[in-house]
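Okay, data20.cif now, which holds mmCIF, C-alpha atoms:
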data_my_file
loop_
_atom_site.label_atom_id
_atom_site.label_comp_id
_atom_site.auth_asym_id
_atom_site.auth_seq_id
_atom_site.Cartn_x
_atom_site.Cartn_y
_atom_site.Cartn_z
CA MET A 1063 -43.11 -45.54 27.98
CA LEU A 1064 -41.58 -42.50 29.70
CA ALA A 1065 -39.17 -44.81 31.50
CA VAL A 1066 -38.01 -46.25 28.17
CA ILE A 1067 -37.60 -42.80 26.64
CA GLY A 1068 -36.00 -41.46 29.80
CA SER A 1069 -33.45 -44.24 29.96
CA SER A 1070 -31.93 -43.00 26.68
CA VAL A 1071 -30.89 -39.78 28.43
CA ALA A 1072 -28.11 -40.67 30.83
CA ALA A 1073 -27.71 -37.28 32.49
CA ILE A 1074 -27.72 -33.60 31.62
CA THR A 1075 -24.10 -33.54 30.51
CA GLY A 1076 -22.21 -33.37 27.22
CA MET A 1077 -24.53 -33.39 24.21
CA ASN A 1078 -27.64 -33.26 26.42
CA ARG A 1079 -26.31 -30.11 28.06
CA LEU A 1080 -25.88 -28.59 24.58
CA ILE A 1081 -29.49 -29.52 23.69
CA VAL A 1082 -30.77 -27.93 26.92
CA ASP A 1083 -28.68 -24.83 26.21
CA ILE A 1084 -29.97 -24.52 22.64
CA ALA A 1085 -33.58 -25.07 23.82
CA MET A 1086 -33.17 -22.41 26.52
CA TYR A 1087 -31.75 -19.86 24.12
CA PHE A 1088 -34.37 -20.75 21.52
CA GLY A 1089 -37.06 -20.08 24.15
CA LEU A 1090 -35.51 -16.75 25.13
CA PHE A 1091 -34.89 -15.45 21.64
CA VAL A 1092 -38.12 -16.71 20.14
CA ILE A 1093 -40.02 -14.48 22.60
CA VAL A 1094 -37.91 -11.45 21.63
CA ALA A 1095 -38.15 -12.27 17.90
CA MET A 1096 -41.93 -12.79 18.09
CA ALA A 1097 -42.35 -9.45 19.89
CA LEU A 1098 -40.13 -7.82 17.26
CA ASN A 1099 -42.15 -9.43 14.49
CA PHE A 1100 -45.27 -8.10 16.17
CA GLN A 1101 -43.83 -4.58 16.18
CA TYR A 1102 -41.85 -4.40 12.93
CA GLY A 1103 -43.23 -7.25 10.82
CA ASN A 1104 -46.86 -6.40 11.40
CA ALA A 1105 -47.04 -2.79 12.59
CA GLY A 1106 -43.95 -1.41 10.84
CA ILE A 1107 -42.38 0.03 14.03
CA PRO A 1108 -38.58 -0.40 13.77
CA ASN A 1109 -37.81 -1.12 17.41
CA PHE A 1110 -34.05 -1.11 17.87
CA GLY A 1111 -34.46 -0.99 21.62
CA CYS A 1112 -35.09 -4.68 22.39
CA ALA A 1113 -32.07 -4.68 24.69
CA VAL A 1114 -33.64 -1.92 26.81
CA GLN A 1115 -36.73 -4.02 27.42
CA VAL A 1116 -34.75 -7.18 28.14
CA ILE A 1117 -32.45 -5.33 30.55
CA VAL A 1118 -35.53 -4.11 32.43
CA GLY A 1119 -36.39 -7.77 33.09
CA GLY A 1120 -32.88 -8.48 34.38
CA PHE A 1121 -32.80 -5.41 36.60
CA THR A 1122 -36.23 -6.27 37.99
CA VAL A 1123 -34.83 -9.55 39.31
CA SER A 1124 -31.59 -8.05 40.68
CA GLY A 1125 -33.05 -4.80 41.98
CA ILE A 1126 -36.52 -5.73 43.22
CA THR A 1127 -37.02 -9.50 43.53
CA LEU A 1128 -33.66 -10.05 45.22
CA ARG A 1129 -34.49 -7.46 47.92
CA LEU A 1130 -37.96 -8.95 48.35
CA ALA A 1131 -36.45 -12.43 48.73
CA TYR A 1132 -33.96 -11.18 51.37
CA TRP A 1133 -36.74 -9.41 53.25
CA LEU A 1134 -39.10 -12.40 53.19
CA VAL A 1135 -36.40 -14.86 54.24
CA GLU A 1136 -35.26 -12.56 57.06
CA LYS A 1137 -38.88 -12.27 58.23
CA ALA A 1138 -39.02 -16.06 58.31
CA GLY A 1139 -36.13 -16.04 60.81
CA VAL A 1140 -33.12 -16.81 58.60
CA LYS A 1141 -30.05 -14.82 59.60
CA LEU A 1142 -28.55 -12.93 56.64
CA LEU A 1143 -25.38 -10.86 56.40
CA PRO A 1144 -25.94 -7.07 56.16
CA TYR A 1145 -26.91 -5.85 52.68
CA GLN A 1146 -27.97 -2.24 53.20
CA THR A 1147 -24.86 -0.41 51.95
CA ALA A 1148 -23.54 -0.74 48.40
CA TYR A 1149 -20.44 -2.54 49.68
CA ASP A 1150 -22.44 -5.10 51.73
CA TRP A 1151 -24.99 -5.50 48.97
CA LEU A 1152 -22.22 -6.53 46.62
CA TYR A 1153 -19.76 -8.49 48.73
CA ASN A 1154 -22.25 -10.37 50.92
CA SER A 1155 -24.41 -11.28 47.93
CA GLN A 1156 -23.04 -14.80 47.43
CA LEU A 1157 -23.40 -15.92 51.07
CA ASN A 1158 -26.83 -14.33 51.40
CA VAL A 1159 -28.03 -16.05 48.24
CA VAL A 1160 -26.77 -19.41 49.54
CA ALA A 1161 -28.83 -18.84 52.72
CA VAL A 1162 -31.89 -17.89 50.65
CA ASN A 1163 -31.43 -20.97 48.44
CA ASN A 1164 -31.29 -23.22 51.51
CA TYR A 1165 -34.58 -21.73 52.67
CA LEU A 1166 -36.18 -22.06 49.19
CA LYS A 1167 -35.25 -25.76 49.10
CA THR A 1168 -37.97 -26.47 51.65
CA HIS A 1169 -40.39 -23.72 50.52
CA PRO A 1170 -41.30 -24.33 46.86
CA LEU A 1171 -44.33 -22.04 47.02
CA LEU A 1172 -42.13 -19.07 47.85
CA GLY A 1173 -39.81 -19.93 44.94
CA VAL A 1174 -42.69 -20.10 42.46
CA SER A 1175 -44.20 -16.91 43.91
CA LEU A 1176 -40.89 -15.07 43.47
CA LEU A 1177 -40.71 -16.25 39.85
CA LEU A 1178 -44.28 -15.11 39.12
CA PHE A 1179 -43.69 -11.82 40.93
CA SER A 1180 -40.54 -11.20 38.84
CA ILE A 1181 -42.37 -11.89 35.59
CA ALA A 1182 -45.36 -9.72 36.51
CA THR A 1183 -43.19 -6.81 37.74
CA ALA A 1184 -40.92 -7.06 34.70
CA MET A 1185 -43.95 -6.95 32.40
CA VAL A 1186 -45.32 -3.84 34.13
CA LEU A 1187 -41.94 -2.09 34.04
CA GLY A 1188 -41.43 -3.27 30.45
CA ALA A 1189 -44.75 -1.68 29.49
CA VAL A 1190 -43.67 1.55 31.20
CA ILE A 1191 -40.41 1.48 29.19
CA GLY A 1192 -42.50 0.82 26.07
CA TRP A 1193 -44.47 3.94 26.84
CA VAL A 1194 -41.24 5.92 27.33
CA ILE A 1195 -39.95 4.60 24.00
CA SER A 1196 -43.22 5.50 22.29
CA VAL A 1197 -42.79 9.20 23.18
CA PRO A 1198 -39.95 9.73 20.66
CA ALA A 1199 -41.38 7.02 18.40
CA ILE A 1200 -44.44 9.15 17.75
CA ARG A 1201 -42.46 12.25 16.90
CA LEU A 1202 -39.35 10.94 15.17
CA ARG A 1203 -38.81 9.43 11.75
CA ALA A 1204 -37.69 5.79 11.53
CA THR A 1205 -33.97 6.59 11.17
CA TYR A 1206 -33.83 8.95 14.14
CA LEU A 1207 -35.98 6.61 16.19
CA MET A 1208 -33.48 3.78 15.61
CA ILE A 1209 -30.58 5.98 16.77
CA THR A 1210 -32.54 7.07 19.85
CA LEU A 1211 -33.39 3.49 20.80
CA ILE A 1212 -29.83 2.22 20.29
CA THR A 1213 -28.64 5.04 22.56
CA MET A 1214 -31.27 4.15 25.15
CA ALA A 1215 -30.04 0.55 25.17
CA ASP A 1216 -26.47 1.73 25.82
CA ALA A 1217 -27.65 4.19 28.45
CA SER A 1218 -29.52 1.48 30.37
CA GLN A 1219 -26.39 -0.67 30.39
CA ILE A 1220 -24.32 2.27 31.68
CA PHE A 1221 -26.87 2.80 34.47
CA GLY A 1222 -26.52 -0.86 35.46
CA ARG A 1223 -22.73 -0.67 35.38
CA ASN A 1224 -22.53 2.40 37.59
CA ILE A 1225 -25.32 1.82 40.12
CA PRO A 1226 -24.36 -1.10 42.40
CA TYR A 1227 -27.82 -1.19 43.98
CA LEU A 1228 -29.33 -2.06 40.61
CA CYS A 1229 -27.31 -5.07 39.50
CA GLY A 1230 -24.06 -5.00 41.43
CA GLY A 1231 -22.20 -2.67 39.06
CA THR A 1232 -19.33 -4.14 37.06
CA LEU A 1233 -19.06 -7.21 39.32
CA GLY A 1234 -22.67 -8.28 38.97
CA ILE A 1235 -24.83 -9.87 41.62
CA TRP A 1236 -25.98 -13.37 42.56
CA ILE A 1237 -29.63 -14.29 42.21
CA PRO A 1238 -31.49 -16.87 44.34
CA ASN A 1239 -32.42 -20.10 42.66
CA VAL A 1240 -36.22 -20.05 42.56
CA PHE A 1241 -36.11 -23.71 41.51
CA ALA A 1242 -33.98 -24.73 44.52
CA TRP A 1243 -36.81 -27.07 45.61
CA TYR A 1244 -36.37 -29.07 42.38
CA PRO A 1245 -34.00 -31.98 43.12
CA GLY A 1246 -32.49 -32.20 39.62
CA ASP A 1247 -30.75 -29.91 37.15
CA ARG A 1248 -31.75 -26.23 37.32
CA GLY A 1249 -31.04 -25.67 33.60
CA VAL A 1250 -33.63 -28.18 32.42
CA ILE A 1251 -36.50 -26.84 34.54
CA THR A 1252 -35.64 -23.23 33.55
CA ALA A 1253 -35.63 -24.27 29.88
CA VAL A 1254 -39.01 -25.99 30.27
CA VAL A 1255 -40.55 -22.92 31.95
CA THR A 1256 -39.05 -20.59 29.30
CA LEU A 1257 -40.34 -22.72 26.42
CA ALA A 1258 -43.77 -22.92 28.07
CA ILE A 1259 -43.82 -19.11 28.36
CA GLY A 1260 -42.73 -18.93 24.70
CA LEU A 1261 -45.62 -21.20 23.72
CA ILE A 1262 -48.11 -19.03 25.63
CA CYS A 1263 -46.64 -15.88 24.04
CA PHE A 1264 -46.91 -17.48 20.61
CA PHE A 1265 -50.63 -18.16 21.06
CA ILE A 1266 -51.19 -14.62 22.42
CA PHE A 1267 -49.42 -13.05 19.42
CA ARG A 1268 -51.17 -15.39 17.00
CA THR A 1269 -54.60 -14.51 18.42
CA MET A 1270 -53.81 -10.80 18.31
CA LEU A 1271 -52.49 -10.90 14.75
CA ASN A 1272 -55.53 -12.84 13.51
CA SER A 1273 -57.93 -10.44 15.24
CA PRO A 1274 -59.33 -7.23 13.70
CA TYR A 1275 -56.65 -5.39 15.70
CA GLY A 1276 -53.96 -7.37 13.86
CA ARG A 1277 -55.48 -6.41 10.52
CA LEU A 1278 -55.56 -2.79 11.67
CA MET A 1279 -51.85 -3.05 12.52
CA ARG A 1280 -51.09 -4.28 9.02
CA ALA A 1281 -53.22 -1.51 7.57
CA ILE A 1282 -51.21 1.08 9.52
CA ARG A 1283 -47.99 -0.50 8.27
CA GLU A 1284 -49.18 -0.35 4.67
CA ASN A 1285 -50.72 3.12 4.68
CA GLU A 1286 -50.78 5.22 7.78
CA ILE A 1287 -52.51 8.22 6.20
CA THR A 1288 -55.43 6.13 4.94
CA CYS A 1289 -55.96 4.72 8.45
CA GLN A 1290 -55.91 8.20 9.92
CA SER A 1291 -58.39 9.40 7.31
CA VAL A 1292 -60.92 6.76 8.40
CA GLY A 1293 -60.66 7.89 12.02
CA LYS A 1294 -58.13 5.45 13.48
CA ASN A 1295 -55.91 6.74 16.26
CA VAL A 1296 -52.59 5.71 14.72
CA VAL A 1297 -50.48 7.28 17.47
CA GLY A 1298 -52.46 5.53 20.22
CA ILE A 1299 -52.33 2.18 18.42
CA ARG A 1300 -48.56 2.46 17.94
CA ARG A 1301 -48.12 3.31 21.61
CA ASN A 1302 -50.23 0.30 22.64
CA ILE A 1303 -48.24 -2.02 20.37
CA LEU A 1304 -44.93 -0.78 21.78
CA MET A 1305 -46.14 -1.11 25.37
CA PHE A 1306 -47.52 -4.61 24.87
CA ALA A 1307 -44.47 -5.90 22.98
CA SER A 1308 -42.12 -4.29 25.51
CA ALA A 1309 -43.92 -6.03 28.37
CA ILE A 1310 -43.44 -9.39 26.63
CA THR A 1311 -39.79 -8.66 25.74
CA ALA A 1312 -38.97 -8.08 29.43
CA ILE A 1313 -39.71 -11.76 30.22
CA PRO A 1314 -36.51 -13.16 28.58
CA GLY A 1315 -34.51 -10.79 30.81
CA VAL A 1316 -36.07 -12.40 33.88
CA MET A 1317 -35.51 -15.94 32.64
CA THR A 1318 -31.87 -15.21 31.69
CA ALA A 1319 -31.23 -14.00 35.24
CA TYR A 1320 -32.68 -17.21 36.70
CA TYR A 1321 -30.90 -19.42 34.16
CA TYR A 1322 -27.49 -18.09 35.20
CA SER A 1323 -28.49 -17.24 38.81
CA TYR A 1324 -26.49 -14.12 38.19
CA VAL A 1325 -27.05 -10.64 36.76
CA VAL A 1326 -24.44 -8.31 35.32
CA ASP A 1327 -24.99 -5.52 32.82
CA ALA A 1328 -22.70 -7.22 30.27
CA MET A 1329 -25.27 -10.02 29.89
CA TYR A 1330 -27.67 -7.56 28.25
CA GLN A 1331 -25.58 -6.08 25.47
CA ARG A 1332 -27.44 -4.42 22.66
CA ALA A 1333 -25.43 -6.34 20.05
CA TYR A 1334 -26.74 -9.50 21.59
CA TRP A 1335 -30.40 -8.81 22.27
CA THR A 1336 -31.14 -6.26 19.54
CA TYR A 1337 -28.99 -7.16 16.55
CA TRP A 1338 -29.26 -10.94 16.82
CA SER A 1339 -33.03 -10.63 17.16
CA TRP A 1340 -33.16 -8.44 14.07
CA LEU A 1341 -30.99 -10.92 12.19
CA MET A 1342 -33.42 -13.71 13.11
CA LEU A 1343 -36.35 -11.66 11.85
CA ILE A 1344 -34.68 -10.61 8.60
CA LEU A 1345 -33.32 -14.11 7.96
CA GLY A 1346 -36.66 -15.84 8.46
CA GLY A 1347 -38.78 -13.14 6.89
CA PRO A 1348 -40.74 -10.46 8.72
CA GLY A 1349 -44.52 -10.52 8.89
CA ASN A 1350 -45.07 -14.22 9.52
CA ASN A 1351 -44.52 -16.46 12.52
CA ALA A 1352 -43.06 -19.33 10.49
CA GLY A 1353 -40.23 -17.09 9.26
CA THR A 1354 -39.57 -15.82 12.76
CA PHE A 1355 -39.29 -19.35 14.10
CA LEU A 1356 -37.09 -20.55 11.27
CA GLY A 1357 -34.75 -17.57 11.60
CA CYS A 1358 -34.58 -17.98 15.35
CA ALA A 1359 -33.89 -21.73 15.17
CA LEU A 1360 -31.15 -21.28 12.54
CA VAL A 1361 -29.32 -18.45 14.27
CA ILE A 1362 -29.50 -20.03 17.74
CA ALA A 1363 -28.34 -23.43 16.49
CA ILE A 1364 -25.43 -21.93 14.55
CA ARG A 1365 -24.36 -19.71 17.45
CA ARG A 1366 -24.50 -22.35 20.16
CA VAL A 1367 -22.72 -24.96 18.02
CA ILE A 1368 -19.93 -22.47 17.21
CA ILE A 1369 -19.58 -21.55 20.88
CA VAL A 1370 -19.51 -25.15 22.09
CA TYR A 1371 -17.24 -26.50 19.31
CA LYS A 1372 -14.82 -23.59 19.23
CA TRP A 1373 -11.90 -25.96 19.83
CA PHE A 1374 -12.78 -27.82 16.60
CA PHE A 1375 -13.21 -24.74 14.38
CA ASP A 1376 -10.04 -23.23 15.80
CA LYS A 1377 -7.99 -25.93 14.07
CA ILE A 1378 -9.31 -25.22 10.57
CA LEU A 1379 -9.54 -21.40 10.62
CA PHE A 1380 -6.71 -19.00 9.82
CA PHE A 1381 -8.16 -16.15 11.97
CA PRO A 1382 -9.06 -16.01 15.68
CA ILE A 1383 -12.07 -18.14 16.49
CA SER A 1384 -13.70 -15.36 18.56
CA TYR A 1385 -14.53 -13.53 15.30
CA PHE A 1386 -15.93 -16.58 13.52
CA GLU A 1387 -19.42 -16.32 14.97
CA GLN A 1388 -19.82 -12.67 14.01
CA ILE A 1389 -18.28 -13.15 10.55
CA LEU A 1390 -20.42 -16.15 9.70
CA LEU A 1391 -23.66 -14.55 10.79
CA GLY A 1392 -22.73 -11.22 9.16
CA VAL A 1393 -22.09 -13.04 5.88
CA LEU A 1394 -25.40 -14.87 6.32
CA LEU A 1395 -27.22 -11.54 6.68
CA ILE A 1396 -25.56 -10.13 3.54
CA VAL A 1397 -26.37 -13.27 1.52
CA VAL A 1398 -30.00 -13.19 2.62
CA MET A 1399 -30.31 -9.48 1.86
CA ILE A 1400 -28.91 -10.02 -1.66
CA PHE A 1401 -30.65 -13.25 -2.67
CA ARG A 1402 -33.74 -13.36 -0.43
CA PRO A 1403 -34.59 -9.78 0.62
CA ASP A 1404 -38.01 -10.94 1.88
CA GLY A 1405 -36.42 -13.62 4.06
CA LEU A 1406 -36.45 -17.40 3.75
CA ILE A 1407 -40.24 -17.50 4.15
CA PRO A 1408 -41.75 -14.36 2.58
CA GLU A 1409 -44.94 -12.87 3.97
CA LYS A 1410 -48.06 -14.24 2.29
CA LEU A 1411 -51.43 -12.66 1.66
CA LEU A 1412 -53.63 -12.13 4.67
CA TYR A 1413 -55.61 -15.20 5.59
CA ILE A 1414 -58.41 -14.81 8.09
CA PRO A 1415 -59.02 -17.97 10.12
CA GLY A 1416 -62.65 -18.90 10.55
CA VAL A 1417 -63.56 -17.91 7.00
CA ASN A 1418 -63.97 -21.04 4.92
CA TYR A 1419 -62.42 -19.84 1.69
CA THR A 1420 -62.75 -23.21 -0.04
CA LYS A 1421 -66.46 -23.36 0.61
CA LEU A 1422 -66.81 -19.72 -0.30
CA VAL A 1423 -65.13 -20.27 -3.65
CA ARG A 1424 -66.93 -23.54 -4.47
CA GLU A 1425 -70.36 -22.09 -3.79
CA LYS A 1426 -69.41 -18.95 -5.75
CA VAL A 1427 -70.79 -16.78 -2.99
CA LYS A 1428 -70.33 -13.14 -3.64
CA VAL A 1429 -69.64 -11.38 -0.41
CA ASP A 1430 -71.43 -8.11 -0.13
CA TRP A 1431 -70.03 -6.24 2.83
CA ARG A 1432 -73.01 -3.91 2.92
CA THR A 1433 -75.04 -6.81 4.28
CA ALA A 1434 -72.64 -7.43 7.16
CA PRO A 1435 -75.18 -6.46 9.87
CA LYS A 1436 -77.14 -9.58 8.87
CA MET A 1437 -74.64 -11.70 10.77
CA LYS A 1438 -75.98 -10.42 14.06
CA PHE A 1439 -79.40 -11.96 13.39
CA ALA A 1440 -78.24 -15.13 11.70
CA GLY A 1441 -80.49 -18.02 12.61
CA LYS A 1442 -83.06 -15.87 14.33
CA ARG A 1443 -84.75 -13.84 11.68
CA ARG A 1444 -84.13 -12.53 8.24
CA PHE A 1445 -82.82 -9.05 7.97
CA SER A 1446 -85.31 -7.19 5.86
CA LEU A 1447 -86.56 -3.78 5.05
CA LYS A 1448 -89.61 -4.60 7.14
CA PHE A 1449 -87.37 -5.03 10.17
CA TRP A 1450 -85.94 -1.58 9.70
CA ARG A 1451 -89.38 -0.03 9.39
CA ARG A 1452 -90.36 -1.42 12.76
CA MET B 79 -37.09 -42.50 37.34
CA ASP B 80 -34.94 -39.38 37.31
CA MET B 81 -37.03 -36.22 37.00
CA ASP B 82 -34.38 -34.64 34.80
CA MET B 83 -35.05 -37.24 32.13
CA VAL B 84 -38.78 -36.59 32.16
CA LEU B 85 -38.28 -32.83 32.03
CA PHE B 86 -35.72 -33.23 29.26
CA TRP B 87 -38.31 -34.89 27.04
CA VAL B 88 -41.01 -32.42 28.09
CA MET B 89 -38.61 -29.71 26.97
CA VAL B 90 -38.02 -31.43 23.63
CA ALA B 91 -41.80 -31.84 23.18
CA LEU B 92 -42.40 -28.14 23.91
CA TRP B 93 -39.59 -27.31 21.52
CA VAL B 94 -41.23 -29.34 18.77
CA ILE B 95 -44.88 -28.36 19.38
CA MET B 96 -44.52 -24.69 18.38
CA PRO B 97 -42.74 -25.18 15.03
CA ALA B 98 -44.93 -28.19 14.19
CA PHE B 99 -48.09 -26.19 14.80
CA ILE B 100 -46.75 -23.25 12.79
CA VAL B 101 -45.77 -25.46 9.86
CA TYR B 102 -49.21 -27.14 9.93
CA GLU B 103 -50.99 -23.78 10.01
CA GLU B 104 -48.74 -22.28 7.36
CA ILE B 105 -49.35 -25.18 4.97
CA LYS B 106 -53.10 -24.99 5.60
CA GLU B 107 -53.20 -21.25 4.94
CA ARG B 108 -51.03 -21.42 1.85
CA ARG B 109 -53.20 -24.21 0.41
CA ALA B 110 -56.36 -22.21 1.05
CA LEU B 111 -54.86 -19.11 -0.56
CA ALA B 112 -53.60 -21.12 -3.54
CA GLU B 113 -57.07 -22.59 -4.01
CA ILE B 114 -58.61 -19.14 -4.01
CA GLU B 115 -56.09 -17.97 -6.58
CA ARG B 116 -56.79 -21.01 -8.77
CA ALA B 117 -60.53 -20.43 -8.50
CA GLU B 118 -60.16 -16.78 -9.38
CA ALA B 119 -57.96 -17.64 -12.37
CA SER B 120 -60.47 -20.19 -13.67
CA GLU B 121 -63.32 -17.67 -13.32
CA GLU B 122 -61.41 -15.15 -15.38
#
Whole structure, structure tokens version:
Amino acid sequence: MLAVIGSSVAAITGMNRLIVDIAMYFGLFVIVAMALNFQYGNAGIPNFGCAVQVIVGGFTVSGITLRLAYWLVEKAGVKLLPYQTAYDWLYNSQLNVVAVNNYLKTHPLLGVSLLLFSIATAMVLGAVIGWVISVPAIRLRATYLMITLITMADASQIFGRNIPYLCGGTLGIWIPNVFAWYPGDRGVITAVVTLAIGLICFFIFRTMLNSPYGRLMRAIRENEITCQSVGKNVVGIRRNILMFASAITAIPGVMTAYYYSYVVDAMYQRAYWTYWSWLMLILGGPGNNAGTFLGCALVIAIRRVIIVYKWFFDKILFFPISYFEQILLGVLLIVVMIFRPDGLIPEKLLYIPGVNYTKLVREKVKVDWRTAPKMKFAGKRRFSLKFWRR
Amino acid sequence: MDMDMVLFWVMVALWVIMPAFIVYEEIKERRALAEIERAEASEE
């Protein structure tokens, strides 16, 4: 069966390459959009610093994992060119990475370990950045918080551009191919891993949003003062949400670095990782996963098709093609804001999985929340006044 | 068989699983909520 299906794909070129590219970008952006939906759609935290968290993932690979890979490969006896000074670090990068790749070809376990190490480190550093972001987030109003986060995103890019040890400065730096042991196309395996991570993230977010904590997040979004009045630590919850979502958002940064086998600060522009992610969320509709997915799929498909078929659109447009992508998506945002301010799929009422509403309605059961402790003893004994007296 | 071809279809499957599951869940939830609303309306 697989052979029959497989035979219809000749090779990863042409249209298949475009499909792989769209799938990869869908995987990357769906993680960012889901994390943003988690923060803004459900907890009401307007995080305009997605680019900061993504850049942390990229810098983790170029600044930490790359050094670790060099060190491990050198320990294994492979001769590398010097990389201690900024000059050597930058100009010997390509030849050193080729040597590392040759070693990784025969050592798949090391490649997988480096990938897992990058993801784990990026998540920890992402959570730390989330904590740093949460410091002004607690004190500032939404508008000022947005400005602060946008500035932080720019600042992180400037750091990357001016510190060669971090990501090679303006020239960027080569990254070892952790999938060098795979005999086929690197793009396909990276896309599969990214989509698998996206699927895991989706189930994590889904479980969290359907849990009592998710309902608490929505309650904070709706009325913060009421939550505080019933003893909820709103500041602490917001900090936790930011830290968790930041940790998840750092993963696309790691996967982008491995997809291109290259890191440069320009890959992590705020316009790209923050504004496009917000457009996806607003287009699809914040507060529900279906909207996030729809928005993400639409924006990614439109963007990649425009980029790949620029030569075609160039013939029919009267202005430079390089502006077409921005104009089209800007117009899309305006149209959605005017005609569908709640997004293409508006948020619905809260539905708690596990509660059989149909049965509840048919049996006309009146839920009395005062009797909730009964659930603990269900099936064992009846909860009665006599029980209390004992 | 080329591994790229297998992974290509695994990728497509992963790409389809998430939206398909979300659509299924969304429809299920919306139906349940609509039924509750209908029941509440008929009670009133």
Selection dump of the PyMOL selection byres ((chain A and resi 1328-1333) around 9), as a CSV table (one decimal) with C-alpha atoms, keeping the file's coordinate frame:
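Result saved to out_3.csv:
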chain,number,residue,atom,x,y,z
A,1110,PHE,CA,-34.0,-1.1,17.9
A,1111,GLY,CA,-34.5,-1.0,21.6
A,1112,CYS,CA,-35.1,-4.7,22.4
A,1113,ALA,CA,-32.1,-4.7,24.7
A,1114,VAL,CA,-33.6,-1.9,26.8
A,1116,VAL,CA,-34.8,-7.2,28.1
A,1117,ILE,CA,-32.4,-5.3,30.6
A,1120,GLY,CA,-32.9,-8.5,34.4
A,1212,ILE,CA,-29.8,2.2,20.3
A,1215,ALA,CA,-30.0,0.6,25.2
A,1216,ASP,CA,-26.5,1.7,25.8
A,1219,GLN,CA,-26.4,-0.7,30.4
A,1223,ARG,CA,-22.7,-0.7,35.4
A,1232,THR,CA,-19.3,-4.1,37.1
A,1234,GLY,CA,-22.7,-8.3,39.0
A,1315,GLY,CA,-34.5,-10.8,30.8
A,1318,THR,CA,-31.9,-15.2,31.7
A,1319,ALA,CA,-31.2,-14.0,35.2
A,1325,VAL,CA,-27.0,-10.6,36.8
A,1326,VAL,CA,-24.4,-8.3,35.3
A,1327,ASP,CA,-25.0,-5.5,32.8
A,1334,TYR,CA,-26.7,-9.5,21.6
A,1335,TRP,CA,-30.4,-8.8,22.3
A,1336,THR,CA,-31.1,-6.3,19.5
A,1337,TYR,CA,-29.0,-7.2,16.6
A,1338,TRP,CA,-29.3,-10.9,16.8
Among A:Met1185, A:Val1398, A:Leu1090, A:Leu1257, chain B is approached most closely, using all atoms listed in the file, by A:Leu1257
| message | Can you spell out as a ChimeraX atom specification the set of residues that the PyMOL selection byres ((chain A and resi 1152) around 9) selects in the structure I just provided? | response | /A:1145,1147-1151,1153-1156,1226-1227,1229-1231,1233-1236
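CA of Leu1171 in chain A sits 9.2 Å away from CA of Trp1243 in chain A.
In plain terms, chain B touches chain A through Met79, Met81, Asp82, Met83, Val84, Leu85, Phe86, Met89, Leu92, Trp93, Met96, Pro97, Ile100, Val101, Glu107, Ala110, Glu113, Ile114 and Ala117 of chain B, where touching means an atom at most 7 Å away, counting all atoms listed in the file.
Here the selection is built from all atoms listed in the file, and the residues within 9 Å of (-29.0, -11.1, 7.2) turn out to be Trp1340, Leu1341, Met1342, Leu1343, Ile1344, Leu1345, Leu1391, Gly1392, Val1393, Leu1394, Leu1395, Ile1396, Val1397, Val1398, Met1399, Ile1400, Pro1403 and Gly1405 of chain A.
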What does the structure give for the distance between CA of Phe1091 in chain A and CA of Ile1362 in chain A, in Å to one decimal?
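These atoms are spaced 8.1 Å apart.
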Would you give the centre and edge lengths, in Å to one decimal, of a box along x, y and z around the listed atoms of range 1114-1131 of chain A, with 5 Å added to each side, as AutoDock Vina command-line options?
--center_x -34.8 --center_y -7.2 --center_z 37.8 --size_x 16.4 --size_y 20.5 --size_z 31.9
Atom pair CA of Ile1107 in chain A + CA of Leu1304 in chain A, distance 8.2 Å
Arg1280 in chain A: which residues within 10 Å, counting only C-alpha atoms, same-chain residues fewer than 5 positions away excluded, as a PDB file with C-alpha atoms, keeping the file's coordinate frame?
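Contents of the output file out_19.pdb:
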ATOM      1  CA  PHE A1100     -45.270  -8.100  16.170  1.00  0.00           C
ATOM      2  CA  GLY A1103     -43.230  -7.250  10.820  1.00  0.00           C
ATOM      3  CA  ASN A1104     -46.860  -6.400  11.400  1.00  0.00           C
ATOM      4  CA  ALA A1105     -47.040  -2.790  12.590  1.00  0.00           C
ATOM      5  CA  GLY A1106     -43.950  -1.410  10.840  1.00  0.00           C
ATOM      6  CA  LEU A1271     -52.490 -10.900  14.750  1.00  0.00           C
ATOM      7  CA  PRO A1274     -59.330  -7.230  13.700  1.00  0.00           C
ATOM      8  CA  TYR A1275     -56.650  -5.390  15.700  1.00  0.00           C
ATOM      9  CA  ASN A1285     -50.720   3.120   4.680  1.00  0.00           C
ATOM     10  CA  GLU A1286     -50.780   5.220   7.780  1.00  0.00           C
ATOM     11  CA  GLY A1349     -44.520 -10.520   8.890  1.00  0.00           C
ATOM     12  CA  LEU A1412     -53.630 -12.130   4.670  1.00  0.00           C
TER      13      LEU A1412
END
